[in-house]
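Report on one structure; see the data block that follows.
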Amino acid sequence: MDSNEENKERCQSPRGSSSDMSQVVIAGFCGQSEGGESLKNVVKNRVVNDGEHDENQSPNVSSVDIDGEECQTPKLSSVNECEMDVDYSRFESSSVDLSESGSGVKDEEEDLYLVPDVGIEFESEDHAYKCYSRYAVLEGFSIRKDFVNKSRIDGAVVSRRYTCYRQGYRPVRPNSNARKPRQETRTGCLAHMTIARQTNDKFRVTHFETKHNHEFVNSSTTHMLPSQKRLTFAQAVEDELSNHCVIDGVPKLGMGFNSEDQAYEFYNTYAGRVGFSVRKDYVNRSKIDGAVASRRFTCFREGFRQRDKRDMNVKRPRKETRIGCSAQLVISRQSDGKYRITHFEEKHNHELVAPCRIHMLRSQKRLVVTQVEEGSLVDSSNGQQQAIPASDLMCKTVRDIDYKGKLPSKCTREIREGEGVKMQQYFIGKHSKNPSFFYAMQPDADGQITNVFWADAKMVMDYGDFGDVVCFNTSYKLHKDCRPFAPFIGINHHKQIVIFGAALLYDETLESYKWLFRTFLEAMSGKKPKTILTDQDVVMAEAINTVLVGAHHRTCLWHLYQNGVKQLGYMFAGSSSFINDLSRCFFDQEEEEDFINAWKAMLDLYGLWENDWLHQIYENREKWAIPYRRHIFSADMERSLQFETFTTSLRKYLNPDSDVIPLLKHLAKLVNDFHYKELEANYDMSQHPPKLMGDVIFLKHARDFYTPSVFELFQHEYETCLNMVVNRCTNSEALFQYRVSLYGQQREYTVTFDSADDTICCNCMKFECVGVLCSHAMKVLDYRNIKLLPTKYILKRWTKDARV
């Protein structure tokens, strides 16, 4: 018999009685027909009676392509033309061997499935299960292995029953304290199939109940049935064993691992590439040997944190990270000893972490600091790592030794022999690796190196984003034994310290300062700061007024306070409260009257009226005291500098007897550390939004823009606003003037609101000084039913998109 004849014979419907013809092979059926008929009805419509054909006549056949091969299928007679749209691509062709003793199924290489009925025989118990399971899936239900009867002699299966997964009822357990009780699935369904071993060692169907007491699932949700999952898993394992499953780093159903740890490492590596962290969830252990039988790994944002009553008394409760993400991977130990993936959910319900922040995830134990060290920068708006082309940077030239700007005289402080050459070689090496590295050296009248300035690409980029306020830190002058190190400092949108450049000043004359500030502007492409804070130095002030024309020059409050601690150190031994009173005079008085009263009270209390240093700084109070500089934007720099400790870590490198190169290298490391902290803050900002004090639209709107550190300051002002009262209001056309005070206090603040353009200003000038609206202005906005923060009062430098 040729192949065509063989295929024709295999795919034709068997001829026999109507009872025999009810045993029709089901190969490729997809649930229901186009007309909505159930599987069993379709089978009945496909039955062909004996009398419809001549005994010597073969049915006409039509060619159907199955998985690339041509298979002949019977064409029905005109009497039974109720056809079914069959998807033959899902399953391979099947064959049936009908014997006198019943309909048997041959155990061939092809998967053989048919509609079960009493009398059908199977080669094995497993084959019977597969047949009933496939039938159940096509119908729309799942099956469960129920009781099994085994021989007492050899332990072989004598009979077995398979039931609908909704068979029976789950027993009720009294006093159950389960927080999440399992969903009830059993409805007492009686549908089942029972098989029994015959004398020929085959398994015959002895009972088959088709009636169910529940609805079937539709075709779109069939894949969720447990039995379908088992069939899919079995096929996936077969594919994996056949090397059809390509190992490309993506988890796939059926993929095997030698151990639980190997599976975790694989999933964690995949998570690192995708952008999430992995948590080890439940584990199921064997009751026999205690080994892991199954394990689930989930996304770190899986589930929800349960409310803890203790959180009510915690000042800073833990940040919420879980949002119910369902991404997971489940492994189970199989008979071959391997742990195989039995379930894999890929989708997340949250944004994934950018590649540059992967190293911050808890399960990713690799801190990729090299990204920062190699000069890569991160755009905080989208987290994408960006190369920094030299053409896009502000500094494009290197002065090297600037003979045009050399000192007219010899420097006032000797540089160590060979130190200038070492620095020059170091800077040349840095510039050769990154042409955007900027450095310049000023010689004195004898041609010796005296003053040095340098700034790398990251420093210049930081200045472009946050160079509105600069603090020129010359605190080294407080310690005569320190190397003359002077960095240019700023703060970023997280209120963290950033470095814009650094200098070694071996001469502190007017010409040296002029050269330094001109060189700084050249490196920064001519961009001047709005405000520059320095120490009290008349010569430096003159150089700033000459070079940085238009910039507000103020004495740095923090540096002045540090100098005061040094000048008045003898007072600390006599009084433990003096340091607190001195600090309050410097940092806590925002009104001129309060400042003057607190200052005089301190002088009276400690008998300091004759102190020359206190008298001198009081005469110049308009250059540093808070009440006299509220109209000048300072980005709250002094308060940020109170927590600045990097000069302390540099102290051992500032020893003039030590080599200068470790100082340069350590500063570069500190700059990298500052950038890494910013990356951490960006990541934390994306994962843990700051908590709101209440469900307030005004706060929600502001939180969307501000970084967490700035939002905390904003929310504090809003909290104060709740205790504010509007005492009276006067208006002239579109201009409204409100008198606002804190409840129970006499002091009033004047808030002016222009309804023509919705501008608002307060005489406390907090917005002008810090860049965040004050509580008085917020009270007036709320009084006028303005529930969203006007965008004109959201400074970009304080927002999440500050670097965009």
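By convention here, the chains of the structure tokens are called A, B, ... in the order presented, each chain's residues are numbered starting at 1, and ligands are numbered starting at 1 in the order presented.
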Output as a short mmCIF file (atom, residue, chain, number, x, y, z; two decimals) with N, CA, C and O atoms, in the first residue's frame all residues of stretch 474-561 of chain A that backbone DSSP marks as strand (DSSP E or B).
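Now in out_0.cif:
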```
data_model
loop_
_atom_site.label_atom_id
_atom_site.label_comp_id
_atom_site.auth_asym_id
_atom_site.auth_seq_id
_atom_site.Cartn_x
_atom_site.Cartn_y
_atom_site.Cartn_z
N PHE A 485 43.54 74.72 49.57
CA PHE A 485 42.54 74.10 48.70
C PHE A 485 41.24 74.90 48.75
O PHE A 485 40.76 75.24 49.84
N ALA A 486 40.65 75.19 47.61
CA ALA A 486 39.42 76.01 47.55
C ALA A 486 38.49 75.48 46.46
O ALA A 486 38.70 75.74 45.28
N PRO A 487 37.46 74.72 46.83
CA PRO A 487 36.50 74.22 45.84
C PRO A 487 35.34 75.20 45.60
O PRO A 487 35.01 76.01 46.47
N PHE A 488 34.73 75.09 44.42
CA PHE A 488 33.47 75.78 44.10
C PHE A 488 32.35 74.77 44.32
O PHE A 488 32.31 73.72 43.68
N ILE A 489 31.44 75.10 45.23
CA ILE A 489 30.42 74.14 45.68
C ILE A 489 29.02 74.62 45.30
O ILE A 489 28.76 75.83 45.26
N GLY A 490 28.13 73.67 45.04
CA GLY A 490 26.72 73.98 44.80
C GLY A 490 25.86 72.88 45.38
O GLY A 490 26.36 71.94 46.01
N ILE A 491 24.55 72.97 45.18
CA ILE A 491 23.64 71.90 45.61
C ILE A 491 22.72 71.56 44.45
O ILE A 491 22.33 72.43 43.66
N ILE A 497 25.27 68.01 47.97
CA ILE A 497 26.45 68.75 47.58
C ILE A 497 26.94 68.30 46.20
O ILE A 497 27.00 67.10 45.91
N VAL A 498 27.29 69.25 45.35
CA VAL A 498 27.96 68.98 44.07
C VAL A 498 29.16 69.91 43.97
O VAL A 498 29.18 70.99 44.56
N ILE A 499 30.17 69.49 43.20
CA ILE A 499 31.40 70.26 43.03
C ILE A 499 31.44 70.78 41.60
O ILE A 499 31.28 70.03 40.65
N PHE A 500 31.67 72.09 41.47
CA PHE A 500 31.76 72.72 40.15
C PHE A 500 33.19 72.88 39.66
O PHE A 500 33.42 73.12 38.47
N GLY A 501 34.14 72.77 40.54
CA GLY A 501 35.55 72.95 40.19
C GLY A 501 36.35 73.12 41.46
O GLY A 501 35.79 73.23 42.56
N ALA A 502 37.67 73.13 41.35
CA ALA A 502 38.52 73.26 42.53
C ALA A 502 39.79 74.01 42.16
O ALA A 502 40.21 74.05 41.01
N ALA A 503 40.39 74.61 43.19
CA ALA A 503 41.61 75.39 42.99
C ALA A 503 42.58 75.15 44.14
O ALA A 503 42.16 74.84 45.26
N LEU A 504 43.87 75.28 43.82
CA LEU A 504 44.93 75.35 44.82
C LEU A 504 45.54 76.74 44.72
O LEU A 504 46.13 77.10 43.68
N LEU A 505 45.34 77.53 45.74
CA LEU A 505 45.76 78.94 45.73
C LEU A 505 47.01 79.12 46.60
O LEU A 505 46.91 79.13 47.83
N THR A 531 24.17 84.11 42.50
CA THR A 531 24.63 84.42 43.86
C THR A 531 25.91 83.67 44.12
O THR A 531 26.02 82.48 43.77
N ILE A 532 26.88 84.34 44.72
CA ILE A 532 28.11 83.68 45.13
C ILE A 532 28.35 83.96 46.60
O ILE A 532 28.26 85.11 47.06
N LEU A 533 28.61 82.92 47.35
CA LEU A 533 28.85 83.01 48.79
C LEU A 533 30.32 82.73 49.07
O LEU A 533 30.88 81.74 48.57
N THR A 534 30.94 83.59 49.85
CA THR A 534 32.36 83.43 50.16
C THR A 534 32.60 83.74 51.63
O THR A 534 31.68 84.14 52.36
N HIS A 552 25.15 88.50 42.88
CA HIS A 552 24.99 88.92 44.27
C HIS A 552 26.07 88.27 45.12
O HIS A 552 26.16 87.04 45.18
N HIS A 553 26.89 89.09 45.76
CA HIS A 553 27.96 88.56 46.61
C HIS A 553 27.55 88.68 48.06
O HIS A 553 27.24 89.77 48.53
N ARG A 554 27.54 87.55 48.76
CA ARG A 554 27.18 87.54 50.16
C ARG A 554 28.19 86.69 50.93
O ARG A 554 28.82 85.79 50.38
N THR A 555 28.34 87.01 52.20
CA THR A 555 29.21 86.22 53.07
C THR A 555 28.50 84.92 53.43
O THR A 555 27.34 84.93 53.84
#
```
Give me every alpha helix (DSSP H) residue in stretch 528-732 of chain A, going by DSSP on the backbone, as a ChimeraX atom specification.
-> /A:538-547,557-567,570-574,578-587,592-606,612-619,637-641,646-650,660-687,697-705,708-721
Please produce an output containing C-alpha atoms for each residue in the selection, written as a short mmCIF file (atom, residue, chain, number, x, y, z; two decimals), in the first residue's frame.
```cif
data_model
loop_
_atom_site.label_atom_id
_atom_site.label_comp_id
_atom_site.auth_asym_id
_atom_site.auth_seq_id
_atom_site.Cartn_x
_atom_site.Cartn_y
_atom_site.Cartn_z
CA VAL A 538 37.97 92.27 51.33
CA VAL A 539 40.42 91.37 48.54
CA MET A 540 38.23 88.51 47.32
CA ALA A 541 35.14 90.76 47.41
CA GLU A 542 36.91 93.30 45.18
CA ALA A 543 37.86 90.61 42.66
CA ILE A 544 34.26 89.34 42.57
CA ASN A 545 32.87 92.82 42.00
CA THR A 546 35.34 93.25 39.13
CA VAL A 547 34.96 89.89 37.36
CA LEU A 557 26.69 82.17 56.81
CA TRP A 558 28.00 78.68 57.50
CA HIS A 559 31.64 79.63 57.02
CA LEU A 560 31.14 82.71 59.20
CA TYR A 561 29.62 80.58 61.93
CA GLN A 562 32.55 78.13 61.75
CA ASN A 563 34.92 81.08 62.11
CA GLY A 564 32.89 82.27 65.12
CA VAL A 565 33.22 78.86 66.78
CA LYS A 566 36.99 79.18 66.39
CA GLN A 567 37.12 82.82 67.61
CA TYR A 570 37.01 79.85 75.00
CA MET A 571 33.34 80.54 75.77
CA PHE A 572 32.32 76.89 75.42
CA ALA A 573 34.13 75.83 78.57
CA GLY A 574 32.29 78.39 80.70
CA PHE A 578 26.48 79.34 74.54
CA ILE A 579 26.87 77.29 71.36
CA ASN A 580 23.06 76.94 71.07
CA ASP A 581 22.44 80.66 71.57
CA LEU A 582 25.12 81.54 69.02
CA SER A 583 23.61 79.12 66.50
CA ARG A 584 20.11 80.58 67.01
CA CYS A 585 21.40 84.09 66.30
CA PHE A 586 22.94 82.93 63.02
CA PHE A 587 20.35 80.52 61.61
CA GLU A 592 15.27 91.96 61.52
CA GLU A 593 13.71 92.83 64.87
CA ASP A 594 14.05 89.27 66.14
CA PHE A 595 17.67 89.11 65.00
CA ILE A 596 18.67 92.35 66.74
CA ASN A 597 16.92 91.40 69.98
CA ALA A 598 18.48 87.92 70.03
CA TRP A 599 21.94 89.36 69.27
CA LYS A 600 21.78 91.91 72.07
CA ALA A 601 20.40 89.34 74.50
CA MET A 602 23.36 87.06 73.74
CA LEU A 603 25.87 89.88 74.30
CA ASP A 604 24.18 90.77 77.59
CA LEU A 605 23.94 87.22 78.86
CA TYR A 606 27.58 86.33 78.19
CA ASP A 612 36.04 92.92 68.62
CA TRP A 613 35.17 90.05 66.28
CA LEU A 614 31.45 90.08 67.19
CA HIS A 615 31.41 93.85 66.86
CA GLN A 616 33.01 93.67 63.41
CA ILE A 617 30.61 91.12 61.95
CA TYR A 618 27.60 92.92 63.44
CA GLU A 619 28.63 96.08 61.61
CA MET A 637 22.62 76.75 50.57
CA GLU A 638 23.82 77.48 54.10
CA ARG A 639 21.47 74.95 55.67
CA SER A 640 22.71 72.32 53.22
CA LEU A 641 26.32 73.14 54.04
CA PHE A 646 33.63 66.24 52.43
CA THR A 647 36.27 68.78 53.55
CA THR A 648 36.69 66.70 56.70
CA SER A 649 37.44 63.60 54.62
CA LEU A 650 39.99 65.66 52.67
CA VAL A 660 49.49 66.44 46.09
CA ILE A 661 48.43 63.62 43.72
CA PRO A 662 46.46 61.66 46.40
CA LEU A 663 44.52 64.87 47.04
CA LEU A 664 43.59 65.18 43.36
CA LYS A 665 42.62 61.52 43.13
CA HIS A 666 40.61 61.60 46.35
CA LEU A 667 38.67 64.65 45.17
CA ALA A 668 37.84 62.83 41.92
CA LYS A 669 36.57 59.91 44.00
CA LEU A 670 34.43 62.24 46.11
CA VAL A 671 32.90 63.76 42.98
CA ASN A 672 32.05 60.23 41.78
CA ASP A 673 30.55 59.46 45.18
CA PHE A 674 28.37 62.59 44.96
CA HIS A 675 27.09 61.49 41.56
CA TYR A 676 26.42 58.00 42.84
CA LYS A 677 24.36 59.45 45.70
CA GLU A 678 22.36 61.39 43.15
CA LEU A 679 21.71 58.15 41.24
CA GLU A 680 20.54 56.56 44.47
CA ALA A 681 18.26 59.53 45.18
CA ASN A 682 16.85 59.33 41.63
CA TYR A 683 16.15 55.64 42.03
CA ASP A 684 14.61 56.10 45.47
CA MET A 685 12.49 58.91 44.06
CA SER A 686 11.15 56.66 41.30
CA GLN A 687 10.36 53.78 43.67
CA ILE A 697 -5.05 67.83 45.80
CA PHE A 698 -2.62 70.69 46.35
CA LEU A 699 -0.01 68.33 47.82
CA LYS A 700 -0.56 65.61 45.22
CA HIS A 701 0.02 68.13 42.45
CA ALA A 702 3.22 69.42 44.03
CA ARG A 703 4.54 65.90 44.68
CA ASP A 704 4.37 65.14 40.97
CA PHE A 705 6.92 67.90 40.31
CA PRO A 708 11.26 64.25 47.77
CA SER A 709 13.67 66.44 49.76
CA VAL A 710 12.15 69.65 48.39
CA PHE A 711 8.62 68.29 48.72
CA GLU A 712 9.22 67.70 52.44
CA LEU A 713 10.05 71.41 52.79
CA PHE A 714 6.96 72.29 50.74
CA GLN A 715 4.70 70.00 52.77
CA HIS A 716 6.01 71.50 56.02
CA GLU A 717 4.98 74.94 54.77
CA TYR A 718 1.56 73.59 53.87
CA GLU A 719 1.16 72.08 57.34
CA THR A 720 1.94 75.49 58.85
CA CYS A 721 -0.57 77.04 56.45
#
```
Write out as an MDAnalysis selection string each polymer residue whose atoms come within 6 Å of stretch 767-774 of chain A, counting only C-alpha atoms; drop sequence neighbours fewer than 5 positions from it.
-> chainID A and resid 630:636 717
Would you output that residue set with C-alpha atoms, as a JSON list (two decimals), in the first residue's frame?
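That gives us again-v1.json:
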```json
[["chain", "number", "residue", "atom", "x", "y", "z"],
["A", 630, "ARG", "CA", 15.77, 87.40, 52.00],
["A", 631, "HIS", "CA", 15.32, 89.05, 48.59],
["A", 632, "ILE", "CA", 18.40, 87.23, 47.20],
["A", 633, "PHE", "CA", 18.06, 83.66, 45.96],
["A", 634, "SER", "CA", 20.42, 81.37, 47.89],
["A", 635, "ALA", "CA", 18.73, 77.96, 47.33],
["A", 636, "ASP", "CA", 18.92, 77.44, 51.11],
["A", 717, "GLU", "CA", 4.98, 74.94, 54.77]]
```
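One finds atom CA of A:Phe233 at 27.1 Å from atom CA of A:Leu190.
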Identify, on the basis of only C-alpha atoms, every residue whose closest approach to stretch 323-335 of chain A does not exceed 10 Å; exclude the query and any residue fewer than 6 positions from it along the same chain; express the result as a PyMOL selection string.
-> chain A and resi 251-260+263-264+267+276+278-284+291-305+341-350
